[in-house]
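Comments concern the structure below.
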Amino acid sequence: MLVVVGSRHDIGACEVVRRWEREGAALLSCEDLSAPGWHYSPPDRRVSRAVVHGRIVRERDIRGVLVRRPWLLPEELTHIAPADREFVAAEMSAFLLAWLSQSSCPVLNRPRGTSLCGPNWRPQQWALAAASVGLQVEPTRWQVPADAKTSVRKTPKQNRRLTEATIVSTRCLGDVNDDQAAGAKRLAAKAGVALLAVWFAPCKGGSRFVAANPMPSLKDPHIADAVCEYLLAN
Amino acid sequence: MILLWGLAADPPLASVRAALSRIGTPVVFLDQQAVLRCELELAVDGALCGALKIPRKAIDLASISAVYVRPYDVRQVQALEGKRSGDPAFDRALRFEDALNCWLEMTPALVINRPSAMSSNNSKPYQIELIRAAGFDVPDTLVTTDASAVRAFWEKNGTVIYKSISGIRSIVTRLRAEHRERLPDVSHCPTQFQQYIDGTDIRIHVVGDEIFGCEILSDADDYRYPAREGAGMQVRSYSVPDDLAGRCRRLAAALELPVTGIDLRRTAAGRIYCFEANPSPGFSFYEEATGQQIGEAIARLLVNAARAEP
C-alpha cells in the first residue's frame with residue numbers, strides 16, 4: 001500500500017489518495033495517531049505497526065509514503081481536550097518525525113530538522129543554497145522591522161511568468177530547458193530531497209532562481225504519476 | 001567578534017560571558033529582553049550579507065565569527081508580557097527571532113549550536129537511533145497507542161519508565177501498579193516507554209575536543225527533581241575513560257553539536273547506556289557542583305574560532 005501523510009481537510013492530499021486508489025493508497029491523518037494500534041520499537045521494524053485511515057497495518061506492507069504536511073498543528077486536534085492540544089501536537093509531530101525518518105520504505109520527502117517533509121528552509125536559505133550550486137539567484141532581502149519599500153518573504157508567483165521544474169528523484173518534469181533542469185537537480189541534491197519544485201524567472205542571458213518548495217503541488221497528473229512510480233519502484 | 005544571544009540572568013550564558021570578559025575578548029550581547037529595540041537585515045544576492053542593530057550599536061554580520069546561542073521562548077520574556085499573537089510588538093519579536101535563526105543557519109561563523117542541529121532533541125526516539133548508530137547501548141524503547149503492547153513491554157522488561165517524545169520537558173516517571181488502569185489512555189496519543197536501567201547517572205559535557213564528566217548519586221528516577229520522590233542528590237566529578245570520551249566526541253560530531261550534554265547511566269556490571277544528547281545544556285548546575293570550568297572551555301572554543309578567522 002501507499003500512505004499519504006496529511007490532513008483530511010487537505011484537498012490536494014485527498015485527490016492524490018483517490019488517484020492512487022489502484023495502489024491501495026490511504027490517508028494517514030492526525031485522527032489515526034489517536035487510535036489504538038501503533039507499535040514502534042526500533043531497531044526491530046518487523047513488529048512495527050501503523051494506523052492508516054483507521055486500519056492497523058504492518059509497516060512492512062507499506063511500499064511508500066508521501067508526506068503532505070510539515071508538522072501537526074494544535075488547532076487540528078479537535079478530538080483532543082483544548083488544554084492538551086499543544087502538548088499532543090508536539091508529541092505526535094515528534095513521533096511522526098522518528099517514524100518517517102527511520103521507515104525502511106521510500107518516503108518523499110523524509111523529515112529534516114523540525115519539518116516532516118524535507119528542510120523547512122526560509123527563502124534566503126534556498127537562495128543561498130541555489131547560489132552555492134551555481135544558479136543565478138534573484139536577490140532577496142529580509143528586514144525586521146520591515147520598511148515601507150520592503151516586501152517581507154516574497155512568494156514566488158507575483159504576476160510574473162515563472163518556469164516551474166519539479167524534480168522527482170532523477171527525473172525533471174516541467175517546461176524547462178536543460179540548464180534549468182540540471183540546476184534544479186543540483187539544488188535538490190544539495191537540499192537532500194528527492195521531490196522538489198523549483199521556480200525560475202527569465203533574465204538577461206538566461207534565467208534566475210526565484211524559489212523552491214519540497215512539497216510541490218501534485219495537481220499535474222504527470223507529476224503525481226512520477227511520484228507514484230518512484231514510490232513503487234524503490 | 002563574538003555574539004552572545006540570550007538573557008543576562010541565564011546562568012550558562014552568564015558563565016560564558018564572564019569567561020570571555022576575563023579573556024578580554026570583544027563581545028556583542030544580544031539581550032532577548034531588548035528584542036523590540038533590535039533590528040535585523042539579511043540579504044542574499046549570490047552571497048550572504050546583513051546587519052544587526054541593537055541599542056546603541058550597529059554590527060555588520062560578516063564581522064561575527066562565533067556565536068553562543070541560549071535563547072528562551074521569546075513569548076515568555078518580560079518585554080512581551082501581556083502581548084499575544086496579532087499584537088504588532090509580539091509579531092515583530094517573532095519575525096526578528098525567525099530572521100536571526102535564518103542567519104544562524106547560513107553564517108559560516110561557529111554557532112554553538114545551530115538551530116537545525118539542535119532539532120534532533122525535539123524527537124527523542126529519532127535521536128536515540130542516532131545515538132545507537134554512534135555506538136552506544138540504548139534502552140529498549142516502545143512508542144505505542146496500544147495498551148496491550150505496553151503491558152507486554154512492561155512484562156518483558158520488569159521495570160519501565162515513560163517520558164515525552166518531543167522536546168517538551170517532562171519528568172521521567174516509573175510505571176507503577178497505580179498506572180495500570182490508565183494504560184488505555186495511550187490510545188489518544190503515541191506514548192514513549194523505555195526499559196528502566198538501574199545504575200549511576202553520568203552527565204558528560206563535550207566542548208569541542210574537551211570532555212567534562214560528572215557522576216550523579218541519587219535514588220530518584222529523574223535526578224533533576226529529587227524532592228518530588230523524597231530522594232537526595234549529589235554531583236561529583238567523574239574521570240571519563242578514553243573509550244567513552246571518544247564515543248561522546250563522535251556522537252557530538254555526528255549530531256553537529258560543538259557543545260552538548262550527554263546523559264548516560266552506568267550499571268553495576270559497568271555497562272553504559274546513553275539516553276540523550278542535550279543541545280543546549282544547562283551546564284552551570286554541574287559547574288557549580290564540581291568546580292569544572294565548562295563556561296571557560298566554551299569561551300575558549302568561541303575565541304579560537306574568532307582567531308581562526310582569516
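In the C-alpha cells, chains take letters A, B, ... by order of appearance, with residues numbered from 1 within each chain and ligands from 1 in the order shown.
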Write out as a PDB file with N, CA and C atoms, in the first residue's frame which residues come within 10 Å of B:Ser148 when counting only C-alpha atoms, dropping same-chain ones fewer than 4 positions away.
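As written to disk, around_24.pdb reads:
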```pdb
ATOM      1  N   PRO A  36      -5.888   3.224  18.711  1.00  0.00           N
ATOM      2  CA  PRO A  36      -5.036   2.131  19.182  1.00  0.00           C
ATOM      3  C   PRO A  36      -4.485   1.323  18.017  1.00  0.00           C
ATOM      4  N   GLY A  37      -3.221   0.867  18.156  1.00  0.00           N
ATOM      5  CA  GLY A  37      -2.643   0.028  17.112  1.00  0.00           C
ATOM      6  C   GLY A  37      -1.220   0.381  16.736  1.00  0.00           C
TER       7      GLY A  37
ATOM      8  N   THR B 144       3.858   3.707  21.408  1.00  0.00           N
ATOM      9  CA  THR B 144       2.637   2.975  21.060  1.00  0.00           C
ATOM     10  C   THR B 144       1.374   3.735  21.447  1.00  0.00           C
ATOM     11  N   ALA B 152       2.767  -5.878  27.512  1.00  0.00           N
ATOM     12  CA  ALA B 152       3.756  -6.882  27.084  1.00  0.00           C
ATOM     13  C   ALA B 152       5.176  -6.358  27.285  1.00  0.00           C
ATOM     14  N   PHE B 153       5.392  -5.074  26.965  1.00  0.00           N
ATOM     15  CA  PHE B 153       6.716  -4.450  27.103  1.00  0.00           C
ATOM     16  C   PHE B 153       7.111  -4.386  28.587  1.00  0.00           C
ATOM     17  N   TRP B 154       6.149  -4.073  29.404  1.00  0.00           N
ATOM     18  CA  TRP B 154       6.341  -3.968  30.859  1.00  0.00           C
ATOM     19  C   TRP B 154       6.734  -5.342  31.414  1.00  0.00           C
ATOM     20  N   LEU B 183      -3.714   2.825  31.499  1.00  0.00           N
ATOM     21  CA  LEU B 183      -2.972   2.470  30.280  1.00  0.00           C
ATOM     22  C   LEU B 183      -3.781   2.660  28.987  1.00  0.00           C
ATOM     23  N   PRO B 184      -5.097   2.359  28.980  1.00  0.00           N
ATOM     24  CA  PRO B 184      -5.862   2.583  27.736  1.00  0.00           C
ATOM     25  C   PRO B 184      -5.816   4.034  27.246  1.00  0.00           C
TER      26      PRO B 184
END
```
Selection: 9 Å around B:Ser119, only C-alpha atoms, excl. self and same-chain fewer than 6 positions, as a PyMOL selection string: (chain A and resi 112-114) or (chain B and resi 167+279)
Please produce a file of the residues just selected, as a PDB file, in the first residue's frame, where the atoms kept are C-alpha atoms.
```pdb
ATOM      1  CA  ARG A 112      14.688  17.295   8.171  1.00  0.00           C
ATOM      2  CA  GLY A 113      15.177  19.461  11.252  1.00  0.00           C
ATOM      3  CA  THR A 114      11.736  20.127  12.680  1.00  0.00           C
TER       4      THR A 114
ATOM      5  CA  GLY B 167      11.423  18.389  23.253  1.00  0.00           C
ATOM      6  CA  PRO B 279      21.901  20.504  22.525  1.00  0.00           C
TER       7      PRO B 279
END
```
For B:Glu155, work out the shell of residues within 12 Å, counting only C-alpha atoms and skipping chain neighbours fewer than 5 positions away, then give it as number ranges by chain. B: 148-150, 160, 175, 195
Nearest to chain B, chosen from A:Ala94, A:Val4, A:Ala233, A:Ala182, with only C-alpha atoms counted in the distances: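 Using only C-alpha atoms, the shortest distance to chain B belongs to A:Ala94.
Counting from atom CA of B:Asp45, the distance to atom CA of A:Leu128 is 8.0 Å.
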Counting only C-alpha atoms, chain B residues within 9 Å of chain A, as a PyMOL selection string: chain B and resi 38-48+92-93+95-96+99+102-103+105-106+115-120+122-127+129+140-147+149+164-168+184+186-191
Using only C-alpha atoms, which residue out of A:Ala188, A:Val133, A:Ile223, A:Ala201 lies closest to A:Leu173?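 That would be A:Ile223, the residue with the smallest distance to A:Leu173.
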What are the DSSP strand (DSSP E or B) residues of stretch 206-270 of chain B, as a VMD selection string? chain B and resid 206 to 207 210 to 218 233 to 237 259 to 266
Dump C-alpha atoms for the selected residues as a CSV table (one decimal), in the first residue's frame?
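Wrote part-v4.csv, looks like this:
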```
chain,number,residue,atom,x,y,z
B,206,VAL,CA,31.6,17.8,25.2
B,207,VAL,CA,33.0,21.2,24.4
B,210,GLU,CA,37.3,18.8,25.7
B,211,ILE,CA,35.4,16.4,27.9
B,212,PHE,CA,33.9,17.1,31.4
B,213,GLY,CA,32.4,14.2,33.3
B,214,CYS,CA,30.0,14.2,36.3
B,215,GLU,CA,28.5,11.4,38.3
B,216,ILE,CA,25.2,12.0,40.0
B,217,LEU,CA,24.3,10.0,43.1
B,218,SER,CA,20.5,9.9,43.6
B,233,MET,CA,21.1,14.1,45.1
B,234,GLN,CA,24.9,14.6,45.0
B,235,VAL,CA,27.0,15.6,42.0
B,236,ARG,CA,30.8,14.9,41.8
B,237,SER,CA,33.4,14.9,39.1
B,259,VAL,CA,28.8,21.7,22.7
B,260,THR,CA,26.5,19.1,24.2
B,261,GLY,CA,25.5,17.5,27.5
B,262,ILE,CA,25.2,13.7,27.1
B,263,ASP,CA,23.1,11.7,29.6
B,264,LEU,CA,24.2,8.2,30.4
B,265,ARG,CA,23.8,5.6,33.1
B,266,ARG,CA,26.4,3.0,34.3
```
Would you work out the distance separating atom CA of B:Lys163 from atom CA of B:Ala177, expressed in Å to one decimal? 16.9 Å
